[in-house]
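Peer 1: Mind having a look at this structure? Questions to follow.
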Amino acid sequence: MREFRRILLDGTAVDVVRHGDTLVAGDGRSASADDAVHLPPVTPSKIICVHLNYASRVAEMMTDLPAAPTYFHKPVSALNAHGSAVVRPSGCKWLNYEGEIGIVIGRTVRNISPAEAGDYIRGYTIGNDYGLHDFRDTDSGSMLRVKGADTLCPLGPGVVEGWDFRGKGIRTLVNGVVKQDGTTDEMKWDMHYLVADIARTITLQPGDVLLSGTPAISRTVYPGDVVEVEVEGLGTLRNHIVSGPVEVRTDVGAQPTESEEVLSTAQGGDWEFRGIRKPRVAL
């Protein structure tokens, strides 16, 4: 396996290869992996995410999987990197982590079978599919404002080539405490299936990312929290939460709410009551 990262080196964005604790550029310059300023390891034209895929998450939410996966889209402006801040907008409360594995496309692909999909995957990265559930009542279908705000898609620290996704552990820790703990064997639809499914009608380009789902126990995090996603063989993606200095404008658009749907999704539990109460504006 080889791991490639993208960092700032002497003020310039540089692609590097990881050799143990050292990151080495093509011209021989090097930096410590711990001290380097990381950038997103890829520049996708699109970021596509599957809604539900892990058995533990499905059971937690007291629901059933559809016959085929469903998806939503995070804009590329949500991209963020290992070691960077994730910004919760002022006036919002319900920012949740979702530790995930990202599939990185290596070659242009359209209309292939799952058996062929591996030939078009460059490698894998770690993602955290943060969701701002304050907007869940208005964007529950598209998830655009829930999942698409700036900084809500950290990827990294690198892209690992030659990694086998089968039987791998995935954990999310908040301030050093394990919150999510699952395995890729929980996935209903594996990496090859997801790529082939999307590529039936959507051309995937080199660098595009598919986020493949999260295990149970996505919960709210707060400014000051440090969130780490660990994936066996891919390393650790680390970010910290900060509060944005500017509140979401109140003169346009839907405002943050705290319905049963919002609270049950953000905090867990009472899944059977989702949607019963009408949305109310957050206090």
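Chain labels follow the order of the structure tokens: the first chain is A, the next B, and so on; residue numbering restarts at 1 in every chain, and ligands are counted from 1 in their shown order.
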If DSSP is run on the backbone, what residues of region 86-237 of chain A are helix (DSSP H, G or I)? A reply as a ChimeraX atom specification would be ideal.

Peer 2: /A:114-120,133-139,144-147,184-186,191-198

Peer 1: Skip Phe72 (chain A) itself and residues of its chain fewer than 5 positions away, then list as a ChimeraX atom specification all residues within 10 Å of it, counting only C-alpha atoms.

Peer 2: /A:47-51,141-144,147-148,211

Peer 1: Report as a Markdown table the residues of region 94-158 of chain A within 12 Å of region 242-245 of chain A, each with its shortest atom pair and distance in Å (one decimal), using only C-alpha atoms, ordered by chain and increasing residue number.

Peer 2:
```
| residue | atom | partner | partner_atom | distance |
| --- | --- | --- | --- | --- |
| A:Trp94 | CA | A:Ser243 | CA | 11.9 |
| A:Leu95 | CA | A:Ser243 | CA | 10.6 |
| A:Ala149 | CA | A:Gly244 | CA | 11.7 |
| A:Asp150 | CA | A:Gly244 | CA | 10.7 |
| A:Thr151 | CA | A:Val242 | CA | 10.7 |
| A:Leu152 | CA | A:Val242 | CA | 11.8 |
```

Peer 1: So that I can see what lies close to region 164-177 of chain A, please list as a PyMOL selection string the residues with an atom at most 8 Å from it, counting only C-alpha atoms and leaving out residues fewer than 3 positions away in the same chain.

Peer 2: chain A and resi 98-100+180-185+191+221+225-233

Peer 1: Save the residues we just selected, N, CA and C atoms, as a PDB file, in the first residue's frame?

Peer 2:
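See selection_23.pdb below for the written result:
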```pdb
ATOM      1  N   GLU A  98     -20.193  12.058  11.434  1.00  0.00           N
ATOM      2  CA  GLU A  98     -20.470  10.743  10.844  1.00  0.00           C
ATOM      3  C   GLU A  98     -19.168  10.242  10.223  1.00  0.00           C
ATOM      4  N   GLY A  99     -18.459   9.379  10.935  1.00  0.00           N
ATOM      5  CA  GLY A  99     -17.219   8.829  10.411  1.00  0.00           C
ATOM      6  C   GLY A  99     -17.488   7.902   9.228  1.00  0.00           C
ATOM      7  N   GLU A 100     -16.753   8.107   8.139  1.00  0.00           N
ATOM      8  CA  GLU A 100     -17.009   7.346   6.920  1.00  0.00           C
ATOM      9  C   GLU A 100     -15.706   7.037   6.184  1.00  0.00           C
ATOM     10  N   GLN A 180     -18.395   5.918  17.909  1.00  0.00           N
ATOM     11  CA  GLN A 180     -18.802   4.982  16.875  1.00  0.00           C
ATOM     12  C   GLN A 180     -17.768   3.869  16.793  1.00  0.00           C
ATOM     13  N   ASP A 181     -18.230   2.638  16.617  1.00  0.00           N
ATOM     14  CA  ASP A 181     -17.315   1.509  16.535  1.00  0.00           C
ATOM     15  C   ASP A 181     -17.962   0.444  15.657  1.00  0.00           C
ATOM     16  N   GLY A 182     -17.520   0.354  14.421  1.00  0.00           N
ATOM     17  CA  GLY A 182     -18.130  -0.572  13.479  1.00  0.00           C
ATOM     18  C   GLY A 182     -17.102  -1.249  12.603  1.00  0.00           C
ATOM     19  N   THR A 183     -17.582  -1.944  11.607  1.00  0.00           N
ATOM     20  CA  THR A 183     -16.727  -2.638  10.657  1.00  0.00           C
ATOM     21  C   THR A 183     -17.349  -2.568   9.275  1.00  0.00           C
ATOM     22  N   THR A 184     -16.526  -2.585   8.255  1.00  0.00           N
ATOM     23  CA  THR A 184     -17.027  -2.522   6.885  1.00  0.00           C
ATOM     24  C   THR A 184     -17.853  -3.746   6.514  1.00  0.00           C
ATOM     25  N   ASP A 185     -17.748  -4.816   7.286  1.00  0.00           N
ATOM     26  CA  ASP A 185     -18.582  -5.986   7.012  1.00  0.00           C
ATOM     27  C   ASP A 185     -20.055  -5.711   7.284  1.00  0.00           C
ATOM     28  N   MET A 191     -18.017  -1.129  -1.662  1.00  0.00           N
ATOM     29  CA  MET A 191     -17.447  -0.021  -2.426  1.00  0.00           C
ATOM     30  C   MET A 191     -17.639  -0.204  -3.932  1.00  0.00           C
ATOM     31  N   VAL A 221     -21.741  17.364  18.389  1.00  0.00           N
ATOM     32  CA  VAL A 221     -20.482  17.859  18.945  1.00  0.00           C
ATOM     33  C   VAL A 221     -20.554  19.376  19.050  1.00  0.00           C
ATOM     34  N   ASP A 225     -14.633  20.691  20.926  1.00  0.00           N
ATOM     35  CA  ASP A 225     -14.470  19.244  20.806  1.00  0.00           C
ATOM     36  C   ASP A 225     -13.449  18.897  19.720  1.00  0.00           C
ATOM     37  N   VAL A 226     -12.718  17.805  19.950  1.00  0.00           N
ATOM     38  CA  VAL A 226     -11.809  17.233  18.959  1.00  0.00           C
ATOM     39  C   VAL A 226     -12.408  15.904  18.501  1.00  0.00           C
ATOM     40  N   VAL A 227     -12.594  15.769  17.197  1.00  0.00           N
ATOM     41  CA  VAL A 227     -13.237  14.587  16.634  1.00  0.00           C
ATOM     42  C   VAL A 227     -12.233  13.855  15.749  1.00  0.00           C
ATOM     43  N   GLU A 228     -12.078  12.560  15.997  1.00  0.00           N
ATOM     44  CA  GLU A 228     -11.155  11.737  15.225  1.00  0.00           C
ATOM     45  C   GLU A 228     -11.902  10.553  14.628  1.00  0.00           C
ATOM     46  N   VAL A 229     -11.642  10.285  13.358  1.00  0.00           N
ATOM     47  CA  VAL A 229     -12.163   9.088  12.705  1.00  0.00           C
ATOM     48  C   VAL A 229     -10.977   8.194  12.389  1.00  0.00           C
ATOM     49  N   GLU A 230     -10.998   6.989  12.939  1.00  0.00           N
ATOM     50  CA  GLU A 230      -9.932   6.019  12.721  1.00  0.00           C
ATOM     51  C   GLU A 230     -10.456   4.894  11.829  1.00  0.00           C
ATOM     52  N   VAL A 231      -9.696   4.578  10.778  1.00  0.00           N
ATOM     53  CA  VAL A 231     -10.038   3.452   9.917  1.00  0.00           C
ATOM     54  C   VAL A 231      -8.808   2.566   9.801  1.00  0.00           C
ATOM     55  N   GLU A 232      -9.015   1.305  10.048  1.00  0.00           N
ATOM     56  CA  GLU A 232      -7.915   0.339  10.004  1.00  0.00           C
ATOM     57  C   GLU A 232      -7.239   0.352   8.638  1.00  0.00           C
ATOM     58  N   GLY A 233      -5.967   0.694   8.623  1.00  0.00           N
ATOM     59  CA  GLY A 233      -5.199   0.731   7.389  1.00  0.00           C
ATOM     60  C   GLY A 233      -5.196   2.065   6.678  1.00  0.00           C
TER      61      GLY A 233
END
```

Peer 1: Give me the residues within 8 Å of Thr203 (chain A) as a PyMOL selection string, counting only C-alpha atoms and dropping any in the same chain fewer than 5 places off.

Peer 2: chain A and resi 108-110

Peer 1: Using the selection just defined, write its residues with all heavy atoms as a PDB file, in the first residue's frame.

Peer 2:
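What landed in part01.pdb:
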```
ATOM      1  N   THR A 108     -11.764   7.964 -15.360  1.00  0.00           N
ATOM      2  CA  THR A 108     -13.116   8.275 -15.793  1.00  0.00           C
ATOM      3  C   THR A 108     -13.892   6.978 -15.995  1.00  0.00           C
ATOM      4  O   THR A 108     -13.411   6.039 -16.638  1.00  0.00           O
ATOM      5  CB  THR A 108     -13.091   9.079 -17.105  1.00  0.00           C
ATOM      6  OG1 THR A 108     -12.365  10.295 -16.892  1.00  0.00           O
ATOM      7  CG2 THR A 108     -14.505   9.413 -17.563  1.00  0.00           C
ATOM      8  N   VAL A 109     -15.094   6.943 -15.411  1.00  0.00           N
ATOM      9  CA  VAL A 109     -15.849   5.699 -15.423  1.00  0.00           C
ATOM     10  C   VAL A 109     -17.328   5.962 -15.678  1.00  0.00           C
ATOM     11  O   VAL A 109     -17.907   6.902 -15.138  1.00  0.00           O
ATOM     12  CB  VAL A 109     -15.656   4.925 -14.094  1.00  0.00           C
ATOM     13  CG1 VAL A 109     -16.009   5.774 -12.886  1.00  0.00           C
ATOM     14  CG2 VAL A 109     -16.447   3.634 -14.089  1.00  0.00           C
ATOM     15  N   ARG A 110     -17.902   5.127 -16.524  1.00  0.00           N
ATOM     16  CA  ARG A 110     -19.332   5.197 -16.852  1.00  0.00           C
ATOM     17  C   ARG A 110     -19.785   3.816 -17.297  1.00  0.00           C
ATOM     18  O   ARG A 110     -19.121   3.168 -18.105  1.00  0.00           O
ATOM     19  CB  ARG A 110     -19.552   6.227 -17.961  1.00  0.00           C
ATOM     20  CG  ARG A 110     -20.992   6.353 -18.474  1.00  0.00           C
ATOM     21  CD  ARG A 110     -21.877   7.071 -17.463  1.00  0.00           C
ATOM     22  NE  ARG A 110     -23.046   7.667 -18.087  1.00  0.00           N
ATOM     23  CZ  ARG A 110     -24.140   6.992 -18.443  1.00  0.00           C
ATOM     24  NH1 ARG A 110     -24.197   5.685 -18.218  1.00  0.00           N
ATOM     25  NH2 ARG A 110     -25.157   7.611 -19.010  1.00  0.00           N
TER      26      ARG A 110
END
```

Peer 1: Which residues, written as JSON, numbers by chain, have at least one atom at most 7 Å from region 261-269 of chain A, with only C-alpha atoms counted and residues fewer than 4 positions away on the same chain left out?

Peer 2: {"A": [94, 96, 133, 134, 136, 137, 219, 220, 274, 275]}

Peer 1: Please write the residues from the selection above to a file, keeping all heavy atoms, as an mmCIF file, in the first residue's frame.

Peer 2:
```cif
data_model
loop_
_atom_site.group_PDB
_atom_site.id
_atom_site.type_symbol
_atom_site.label_atom_id
_atom_site.label_comp_id
_atom_site.auth_asym_id
_atom_site.auth_seq_id
_atom_site.Cartn_x
_atom_site.Cartn_y
_atom_site.Cartn_z
ATOM 1 N N TRP A 94 -27.030 21.923 16.375
ATOM 2 C CA TRP A 94 -27.054 20.474 16.209
ATOM 3 C C TRP A 94 -26.145 20.007 15.086
ATOM 4 O O TRP A 94 -26.581 19.561 14.029
ATOM 5 C CB TRP A 94 -28.494 20.002 15.994
ATOM 6 C CG TRP A 94 -29.410 20.490 17.075
ATOM 7 C CD1 TRP A 94 -30.447 21.350 16.943
ATOM 8 C CD2 TRP A 94 -29.346 20.165 18.465
ATOM 9 N NE1 TRP A 94 -31.042 21.594 18.157
ATOM 10 C CE2 TRP A 94 -30.391 20.868 19.113
ATOM 11 C CE3 TRP A 94 -28.507 19.337 19.223
ATOM 12 C CZ2 TRP A 94 -30.611 20.775 20.487
ATOM 13 C CZ3 TRP A 94 -28.744 19.245 20.596
ATOM 14 C CH2 TRP A 94 -29.776 19.952 21.198
ATOM 15 N N ASN A 96 -23.546 17.281 13.932
ATOM 16 C CA ASN A 96 -23.215 15.886 14.226
ATOM 17 C C ASN A 96 -22.097 15.372 13.332
ATOM 18 O O ASN A 96 -22.020 15.723 12.151
ATOM 19 C CB ASN A 96 -24.434 14.982 14.004
ATOM 20 C CG ASN A 96 -25.394 14.989 15.166
ATOM 21 O OD1 ASN A 96 -25.638 16.024 15.771
ATOM 22 N ND2 ASN A 96 -25.948 13.829 15.476
ATOM 23 N N HIS A 133 -27.977 19.625 11.613
ATOM 24 C CA HIS A 133 -29.359 19.155 11.629
ATOM 25 C C HIS A 133 -30.365 20.241 11.972
ATOM 26 O O HIS A 133 -31.582 20.003 11.886
ATOM 27 C CB HIS A 133 -29.488 17.964 12.576
ATOM 28 C CG HIS A 133 -28.780 16.752 12.068
ATOM 29 N ND1 HIS A 133 -29.175 16.085 10.926
ATOM 30 C CD2 HIS A 133 -27.676 16.109 12.505
ATOM 31 C CE1 HIS A 133 -28.366 15.062 10.700
ATOM 32 N NE2 HIS A 133 -27.438 15.072 11.635
ATOM 33 N N ASP A 134 -29.911 21.422 12.333
ATOM 34 C CA ASP A 134 -30.814 22.561 12.518
ATOM 35 C C ASP A 134 -31.675 22.800 11.285
ATOM 36 O O ASP A 134 -32.769 23.360 11.387
ATOM 37 C CB ASP A 134 -30.011 23.828 12.814
ATOM 38 C CG ASP A 134 -29.084 23.677 14.004
ATOM 39 O OD1 ASP A 134 -28.064 22.980 13.875
ATOM 40 O OD2 ASP A 134 -29.388 24.243 15.057
ATOM 41 N N ARG A 136 -32.675 20.337 9.151
ATOM 42 C CA ARG A 136 -33.197 19.059 8.676
ATOM 43 C C ARG A 136 -34.673 19.144 8.284
ATOM 44 O O ARG A 136 -35.128 18.454 7.364
ATOM 45 C CB ARG A 136 -32.996 17.987 9.739
ATOM 46 C CG ARG A 136 -33.247 16.595 9.228
ATOM 47 C CD ARG A 136 -32.859 15.539 10.229
ATOM 48 N NE ARG A 136 -32.970 14.211 9.641
ATOM 49 C CZ ARG A 136 -31.997 13.612 8.958
ATOM 50 N NH1 ARG A 136 -30.842 14.226 8.802
ATOM 51 N NH2 ARG A 136 -32.182 12.424 8.429
ATOM 52 N N ASP A 137 -35.456 19.956 8.954
ATOM 53 C CA ASP A 137 -36.875 20.047 8.639
ATOM 54 C C ASP A 137 -37.134 20.598 7.243
ATOM 55 O O ASP A 137 -38.154 20.276 6.634
ATOM 56 C CB ASP A 137 -37.596 20.928 9.668
ATOM 57 C CG ASP A 137 -37.739 20.234 11.014
ATOM 58 O OD1 ASP A 137 -38.016 19.016 11.025
ATOM 59 O OD2 ASP A 137 -37.549 20.895 12.045
ATOM 60 N N ARG A 219 -23.707 11.607 16.860
ATOM 61 C CA ARG A 219 -24.226 12.488 17.909
ATOM 62 C C ARG A 219 -23.669 13.905 17.752
ATOM 63 O O ARG A 219 -22.703 14.139 17.019
ATOM 64 C CB ARG A 219 -23.877 11.937 19.292
ATOM 65 C CG ARG A 219 -24.529 10.600 19.608
ATOM 66 C CD ARG A 219 -26.042 10.698 19.751
ATOM 67 N NE ARG A 219 -26.622 9.434 20.171
ATOM 68 C CZ ARG A 219 -27.073 8.491 19.338
ATOM 69 N NH1 ARG A 219 -26.978 8.671 18.025
ATOM 70 N NH2 ARG A 219 -27.616 7.382 19.814
ATOM 71 N N THR A 220 -24.230 14.818 18.533
ATOM 72 C CA THR A 220 -23.874 16.226 18.430
ATOM 73 C C THR A 220 -22.508 16.496 19.055
ATOM 74 O O THR A 220 -22.163 15.943 20.101
ATOM 75 C CB THR A 220 -24.942 17.079 19.130
ATOM 76 O OG1 THR A 220 -26.213 16.790 18.554
ATOM 77 C CG2 THR A 220 -24.645 18.566 18.975
ATOM 78 N N ARG A 274 -40.252 10.523 15.253
ATOM 79 C CA ARG A 274 -39.825 11.521 14.269
ATOM 80 C C ARG A 274 -40.992 11.930 13.376
ATOM 81 O O ARG A 274 -41.739 11.100 12.887
ATOM 82 C CB ARG A 274 -38.686 10.986 13.405
ATOM 83 C CG ARG A 274 -37.373 10.907 14.131
ATOM 84 C CD ARG A 274 -36.257 10.448 13.209
ATOM 85 N NE ARG A 274 -36.569 9.133 12.656
ATOM 86 C CZ ARG A 274 -35.972 8.627 11.587
ATOM 87 N NH1 ARG A 274 -35.060 9.323 10.955
ATOM 88 N NH2 ARG A 274 -36.286 7.426 11.156
ATOM 89 N N GLY A 275 -41.118 13.229 13.171
ATOM 90 C CA GLY A 275 -42.133 13.749 12.265
ATOM 91 C C GLY A 275 -43.487 13.980 12.894
ATOM 92 O O GLY A 275 -44.386 14.509 12.232
#
```

Peer 1: Nearest to Ser113 (chain A) among A:Arg200, A:Thr43, A:Ala33, A:Ala55, with distances taken over only C-alpha atoms: which residue is it?

Peer 2: A:Arg200
